[in-house]
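Only one structure is covered here, and it is reproduced in the block below.
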Amino acid sequence: MISVSMLSGYLYCPRKVFLQYVLKLQEPPKESLVLGTVRHHCYDAINKSEEHIVRSIQKGSVFEDIQTIYKREHLRILREAVANNQESIVSVRLHPEEVFLRNLTYIMFESRQRATHLHHFIKKNDVFGDELWNILTPKVISELKVESQLLGVRGIIDQIEVHPDKKIPIELKTGTAPREGVWPGHKIQVSAYGLLMEEHFQESVEEGFVTYLDVNDRRKVPFNIFLKEEIKDLIHTVNRLIESKKVPPILTERAKCKSCGLRDQCYNEDHINALVKELRDYNEELEKFSAPNFV
Ligand code: SF4
């Protein structure tokens with residue numbers, strides 16, 4: 001079974017998918033990946049802390065009280081995420097304090113947004129504590145693992161917003177955002193999650209969003225039948241690539257290769273051919289041993 005990230009990876013470079021998932025080559029850790037991981041951990045923990053925060057809001061709380069509770073909790077989460085990722089932070093030559101400060105603005109922005117949303121909800125419904133949590137919408141499911149035997153794909157959805165009448169997948173992304181819309185790989189990713197959710201929850205999913213954290217912009221991806229068919233075709237294509245044992249060529253758009261951590265190995269054709277031969281020989285041996293007449 002393939003993963004959803006392999007689909008967007010394929011759109012970026014089929015050869016890279018082959019090198020990573022068939023030849024098992026690993027990219028060295030990158031600064032952007034480490035920063036992305038810390039931020040993902042924060043947002044996951046923030047979603048998981050939401051119930052506790054909302055239930056703790058008492059009658060008479062004003063906006064400033066609510067914001068203080070969010071800020072205190074989210075700061076604790078950020079400190080913890082930095083501490084838990086200290087090893088990988090140092091491995092890409094970053095300082096933990098620098099990572100803390102680089103994330104602080106986004107996390108404080110998140111605290112303010114959540115406090116504002118909750119404050120408006122309280123003003124409208126005049127409820128607090130447990131009752132507030134019970135009727136609050138939308139609620140968010142974080143980091144849900146989903147897989148489909150039927151589609152042959154699995155993945156972990158960053159966030160699912162649960163509204164009374166629908167569920168919406170949200171993909172969180174660090175790094176640059178396109179001028180408008182979303183990057184093609186991100187569109188494929190969030191749409192694939194939509195398909196997986198339809199099977200998982202047995203209900204139709206009509207749209208998803210990609211949130212570009214660095215610019216704090218949430219962009220809509222409407223799903224339609226053509227997009228869903230495109231995803232199914234792509235799943236089939238990637239599965240065929242994995243089974244084929246044929247290395248795709250080096251990209252002609254060399255600009256993409258500049259930031260690729262596998263470039264040195266990828267451009268060394270002798271090295272790649274030797275790895276493919278090794279894999280083929282290994283598979284042939286394996287087949288001999290598993291043949292029914294082997295004694
Ligand atoms: S160096 Fe270029 S062609 Fe090679 S795997 Fe990376 S992106 Fe693909």
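Following the order of the structure tokens, chains are lettered A, B, ..., residues in each are numbered from 1, and ligands are numbered from 1.
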If we count only C-alpha atoms, what is near stretch 86-88 of chain A at a cut-off of 12 Å, once residues fewer than 3 positions away on the same chain are taken out, given as a PDB file with N, CA and C atoms, in the first residue's frame?
```pdb
ATOM      1  N   PRO A  28      19.212  13.410   3.641  1.00  0.00           N
ATOM      2  CA  PRO A  28      19.724  13.867   4.929  1.00  0.00           C
ATOM      3  C   PRO A  28      18.749  14.887   5.531  1.00  0.00           C
ATOM      4  N   PRO A  29      18.701  15.020   6.875  1.00  0.00           N
ATOM      5  CA  PRO A  29      17.743  15.961   7.467  1.00  0.00           C
ATOM      6  C   PRO A  29      17.966  17.390   6.960  1.00  0.00           C
ATOM      7  N   LYS A  30      16.862  18.116   6.744  1.00  0.00           N
ATOM      8  CA  LYS A  30      16.960  19.492   6.233  1.00  0.00           C
ATOM      9  C   LYS A  30      16.337  20.441   7.241  1.00  0.00           C
ATOM     10  N   GLU A  31      16.843  21.684   7.254  1.00  0.00           N
ATOM     11  CA  GLU A  31      16.327  22.708   8.174  1.00  0.00           C
ATOM     12  C   GLU A  31      14.804  22.868   8.020  1.00  0.00           C
ATOM     13  N   SER A  32      14.342  22.961   6.766  1.00  0.00           N
ATOM     14  CA  SER A  32      12.907  23.203   6.548  1.00  0.00           C
ATOM     15  C   SER A  32      12.064  22.032   7.088  1.00  0.00           C
ATOM     16  N   LEU A  33      12.585  20.814   6.962  1.00  0.00           N
ATOM     17  CA  LEU A  33      11.830  19.655   7.453  1.00  0.00           C
ATOM     18  C   LEU A  33      11.733  19.665   8.969  1.00  0.00           C
ATOM     19  N   VAL A  34      12.854  20.014   9.617  1.00  0.00           N
ATOM     20  CA  VAL A  34      12.874  20.040  11.086  1.00  0.00           C
ATOM     21  C   VAL A  34      11.921  21.125  11.604  1.00  0.00           C
ATOM     22  N   LEU A  35      11.955  22.312  10.968  1.00  0.00           N
ATOM     23  CA  LEU A  35      11.053  23.393  11.400  1.00  0.00           C
ATOM     24  C   LEU A  35       9.594  22.991  11.182  1.00  0.00           C
ATOM     25  N   GLY A  36       9.343  22.315  10.064  1.00  0.00           N
ATOM     26  CA  GLY A  36       7.992  21.849   9.763  1.00  0.00           C
ATOM     27  C   GLY A  36       7.520  20.836  10.796  1.00  0.00           C
ATOM     28  N   THR A  37       8.423  19.947  11.207  1.00  0.00           N
ATOM     29  CA  THR A  37       8.059  18.917  12.195  1.00  0.00           C
ATOM     30  C   THR A  37       7.693  19.567  13.530  1.00  0.00           C
ATOM     31  N   VAL A  38       8.506  20.538  13.964  1.00  0.00           N
ATOM     32  CA  VAL A  38       8.222  21.211  15.247  1.00  0.00           C
ATOM     33  C   VAL A  38       6.845  21.873  15.173  1.00  0.00           C
ATOM     34  N   ARG A  79       7.249  25.180  23.900  1.00  0.00           N
ATOM     35  CA  ARG A  79       8.490  24.836  24.632  1.00  0.00           C
ATOM     36  C   ARG A  79       8.724  23.333  24.578  1.00  0.00           C
ATOM     37  N   GLU A  80       7.643  22.577  24.790  1.00  0.00           N
ATOM     38  CA  GLU A  80       7.742  21.117  24.816  1.00  0.00           C
ATOM     39  C   GLU A  80       8.132  20.565  23.434  1.00  0.00           C
ATOM     40  N   ALA A  81       7.541  21.144  22.372  1.00  0.00           N
ATOM     41  CA  ALA A  81       7.843  20.668  21.010  1.00  0.00           C
ATOM     42  C   ALA A  81       9.311  20.919  20.677  1.00  0.00           C
ATOM     43  N   VAL A  82       9.827  22.067  21.088  1.00  0.00           N
ATOM     44  CA  VAL A  82      11.242  22.379  20.820  1.00  0.00           C
ATOM     45  C   VAL A  82      12.129  21.405  21.607  1.00  0.00           C
ATOM     46  N   ALA A  83      11.783  21.193  22.879  1.00  0.00           N
ATOM     47  CA  ALA A  83      12.599  20.295  23.709  1.00  0.00           C
ATOM     48  C   ALA A  83      12.585  18.871  23.149  1.00  0.00           C
ATOM     49  N   SER A  91      20.947  18.814  14.872  1.00  0.00           N
ATOM     50  CA  SER A  91      21.569  18.092  13.744  1.00  0.00           C
ATOM     51  C   SER A  91      21.573  18.907  12.458  1.00  0.00           C
ATOM     52  N   VAL A  92      20.657  19.900  12.344  1.00  0.00           N
ATOM     53  CA  VAL A  92      20.680  20.760  11.142  1.00  0.00           C
ATOM     54  C   VAL A  92      21.278  22.139  11.481  1.00  0.00           C
ATOM     55  N   ARG A  93      22.049  22.144  12.567  1.00  0.00           N
ATOM     56  CA  ARG A  93      22.805  23.330  13.006  1.00  0.00           C
ATOM     57  C   ARG A  93      21.911  24.531  13.353  1.00  0.00           C
ATOM     58  N   LEU A  94      20.737  24.252  13.925  1.00  0.00           N
ATOM     59  CA  LEU A  94      19.906  25.339  14.435  1.00  0.00           C
ATOM     60  C   LEU A  94      20.030  25.334  15.947  1.00  0.00           C
ATOM     61  N   HIS A  95      19.693  26.480  16.562  1.00  0.00           N
ATOM     62  CA  HIS A  95      19.712  26.553  18.018  1.00  0.00           C
ATOM     63  C   HIS A  95      18.263  26.453  18.509  1.00  0.00           C
ATOM     64  N   PRO A  96      18.002  25.646  19.561  1.00  0.00           N
ATOM     65  CA  PRO A  96      16.616  25.504  20.039  1.00  0.00           C
ATOM     66  C   PRO A  96      15.926  26.845  20.321  1.00  0.00           C
ATOM     67  N   GLU A  97      16.678  27.809  20.862  1.00  0.00           N
ATOM     68  CA  GLU A  97      16.053  29.099  21.191  1.00  0.00           C
ATOM     69  C   GLU A  97      15.606  29.822  19.911  1.00  0.00           C
ATOM     70  N   GLU A  98      16.426  29.683  18.865  1.00  0.00           N
ATOM     71  CA  GLU A  98      16.089  30.300  17.579  1.00  0.00           C
ATOM     72  C   GLU A  98      14.801  29.676  17.019  1.00  0.00           C
ATOM     73  N   VAL A  99      14.677  28.345  17.149  1.00  0.00           N
ATOM     74  CA  VAL A  99      13.474  27.652  16.649  1.00  0.00           C
ATOM     75  C   VAL A  99      12.254  28.109  17.461  1.00  0.00           C
ATOM     76  N   PHE A 100      12.437  28.268  18.773  1.00  0.00           N
ATOM     77  CA  PHE A 100      11.350  28.747  19.635  1.00  0.00           C
ATOM     78  C   PHE A 100      10.869  30.122  19.141  1.00  0.00           C
TER      79      PHE A 100
END
```
message: Set the distance at 7 Å and use only C-alpha atoms: which residues neighbour A:Val17 once local chain neighbours fewer than 5 positions away are removed? I'd like the list as a PyMOL selection string.
response: chain A and resi 6+9-10
Write the residues of the preceding selection, restricted to C-alpha atoms, as a compact mmCIF listing (two decimals), in the first residue's frame.
```txt
# COMPACT_ATOMS: atom_id res chain seq x y z
CA MET A 6 4.07 9.48 -2.34
CA GLY A 9 6.10 13.27 -4.29
CA TYR A 10 5.45 11.64 -7.67
```
query: If we count only C-alpha atoms, what is near A:Phe109 at a cut-off of 12 Å, once residues fewer than 2 positions away on the same chain are taken out, given as an MDAnalysis selection string?
result: chainID A and resid 67 70:71 74:75 103:107 111:116 213:216
task: Please extract the residues at most 12 Å from ligand 1, counting only C-alpha atoms and all ligand atoms, and provide them as a ChimeraX atom specification, using the chain letters and residue numbers of this document.
output: /A:9-21,23,25-27,247-269,272
Neighbours of stretch 141-153 of chain A within 7 Å (only C-alpha atoms; same-chain residues fewer than 4 positions away dropped), as an mmCIF file with N, CA and C atoms, in the first residue's frame?
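After the write, selection_1.cif holds the following:
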```cif
data_model
loop_
_atom_site.group_PDB
_atom_site.id
_atom_site.type_symbol
_atom_site.label_atom_id
_atom_site.label_comp_id
_atom_site.auth_asym_id
_atom_site.auth_seq_id
_atom_site.Cartn_x
_atom_site.Cartn_y
_atom_site.Cartn_z
ATOM 1 N N MET A 1 0.842 -1.204 0.000
ATOM 2 C CA MET A 1 0.000 0.000 0.000
ATOM 3 C C MET A 1 0.882 1.261 0.000
ATOM 4 N N ILE A 2 0.533 2.233 -0.835
ATOM 5 C CA ILE A 2 1.368 3.443 -0.895
ATOM 6 C C ILE A 2 0.799 4.521 0.035
ATOM 7 N N SER A 3 1.614 5.558 0.292
ATOM 8 C CA SER A 3 1.138 6.633 1.167
ATOM 9 C C SER A 3 0.718 7.837 0.319
ATOM 10 N N VAL A 4 -0.130 8.686 0.912
ATOM 11 C CA VAL A 4 -0.598 9.874 0.190
ATOM 12 C C VAL A 4 0.583 10.785 -0.168
ATOM 13 N N ASP A 44 -0.674 19.888 16.438
ATOM 14 C CA ASP A 44 -1.343 18.665 16.896
ATOM 15 C C ASP A 44 -1.659 18.782 18.390
ATOM 16 N N ASN A 47 -4.458 21.278 19.120
ATOM 17 C CA ASN A 47 -5.806 20.724 18.899
ATOM 18 C C ASN A 47 -6.215 19.788 20.020
ATOM 19 N N ILE A 157 -4.084 12.456 8.260
ATOM 20 C CA ILE A 157 -4.675 13.768 7.941
ATOM 21 C C ILE A 157 -4.339 14.746 9.069
ATOM 22 N N ASP A 158 -3.747 15.891 8.723
ATOM 23 C CA ASP A 158 -3.341 16.862 9.752
ATOM 24 C C ASP A 158 -4.519 17.255 10.648
ATOM 25 N N GLN A 159 -5.601 17.719 10.018
ATOM 26 C CA GLN A 159 -6.773 18.129 10.789
ATOM 27 C C GLN A 159 -8.048 17.805 10.022
ATOM 28 N N ILE A 160 -9.089 17.468 10.780
ATOM 29 C CA ILE A 160 -10.427 17.346 10.170
ATOM 30 C C ILE A 160 -11.357 18.242 10.976
ATOM 31 N N GLU A 161 -11.974 19.188 10.299
ATOM 32 C CA GLU A 161 -12.962 20.043 10.977
ATOM 33 C C GLU A 161 -14.294 19.329 10.934
ATOM 34 N N LEU A 196 -10.179 9.311 1.053
ATOM 35 C CA LEU A 196 -10.023 8.376 2.177
ATOM 36 C C LEU A 196 -11.093 8.626 3.243
#
```
Of the listed residues A:Met197, A:Leu234, A:Leu172, A:Ile156, that which approaches A:Arg219 most closely, counting only C-alpha atoms: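 Ranked by minimum distance to A:Arg219, first place goes to A:Leu172.
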- request: Mind the document's chain letters and residue numbers, and return as a count of residues only the residues of stretch 60-261 of chain A that DSSP labels helix (DSSP H, G or I).
  value: 107
- request: Find the distance between atom CA of A:His52 and atom CA of A:Trp133 and write it in Å to one decimal.
  value: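 Distance reported for this atom pair: 8.9 Å.
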task: Could you tell me how far atom CA of A:Met108 lies from atom CA of A:Phe121, in Å and to one decimal?
output: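 Interatomic distance, atom CA of A:Met108 to atom CA of A:Phe121: 20.0 Å.
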query: How far is it from atom CA of A:His163 to atom CA of A:Pro138, in Å with one decimal?
result: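 It comes out at 4.8 Å.
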Nearest residue to A:Arg39 from the set A:Ile168, A:Leu101, A:Ile188, A:Leu136 (distances using only C-alpha atoms):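 Going through A:Ile168, A:Leu101, A:Ile188, A:Leu136 one by one, the smallest distance to A:Arg39 is for A:Leu101.
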DSSP strand (DSSP E) selection over stretch 12-227 of chain A, as a count of residues only: 39
- prompt: Given the choices A:Ser191, A:Lys166, A:Glu110, A:Tyr282, which gets closest to A:Lys232 if the distance is worked out from only C-alpha atoms?
  reply: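 Among A:Ser191, A:Lys166, A:Glu110, A:Tyr282, it is A:Ser191 that comes nearest to A:Lys232.
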message: When you look at A:Gln189 with a cut-off of 10 Å (counting only C-alpha atoms), what residues show up, excluding the ones that are within fewer than 2 positions of it in the same chain? I need them as an MDAnalysis selection string.
response: chainID A and resid 3:9 155 157 171 184:187 191:194 208 210 231
Store the residues picked out above, limited to C-alpha atoms, as an mmCIF file, in the first residue's frame.
```cif
data_model
loop_
_atom_site.group_PDB
_atom_site.id
_atom_site.type_symbol
_atom_site.label_atom_id
_atom_site.label_comp_id
_atom_site.auth_asym_id
_atom_site.auth_seq_id
_atom_site.Cartn_x
_atom_site.Cartn_y
_atom_site.Cartn_z
ATOM 1 C CA SER A 3 1.138 6.633 1.167
ATOM 2 C CA VAL A 4 -0.598 9.874 0.190
ATOM 3 C CA SER A 5 2.704 11.774 0.414
ATOM 4 C CA MET A 6 4.066 9.483 -2.340
ATOM 5 C CA LEU A 7 1.377 10.857 -4.665
ATOM 6 C CA SER A 8 2.483 14.469 -4.246
ATOM 7 C CA GLY A 9 6.099 13.269 -4.291
ATOM 8 C CA GLY A 155 -2.156 8.587 5.146
ATOM 9 C CA ILE A 157 -4.675 13.768 7.941
ATOM 10 C CA GLU A 171 -3.572 20.156 5.333
ATOM 11 C CA PRO A 184 -0.429 21.009 -7.403
ATOM 12 C CA GLY A 185 1.089 18.493 -4.963
ATOM 13 C CA HIS A 186 -0.898 19.986 -2.080
ATOM 14 C CA LYS A 187 -4.118 19.820 -4.118
ATOM 15 C CA SER A 191 -8.039 15.585 -2.322
ATOM 16 C CA ALA A 192 -6.660 12.106 -1.610
ATOM 17 C CA TYR A 193 -7.488 12.670 2.068
ATOM 18 C CA GLY A 194 -11.008 13.628 0.982
ATOM 19 C CA GLY A 208 -10.700 20.571 1.631
ATOM 20 C CA VAL A 210 -4.609 23.913 2.628
ATOM 21 C CA ILE A 231 -6.361 10.786 -7.762
#
```
- prompt: So, counting only C-alpha atoms, which residue among A:Arg218, A:Lys59, A:His200, A:Lys48 is closest to A:Gly181?
  reply: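 Residue with the minimum atom-to-atom distance to A:Gly181: A:Arg218.
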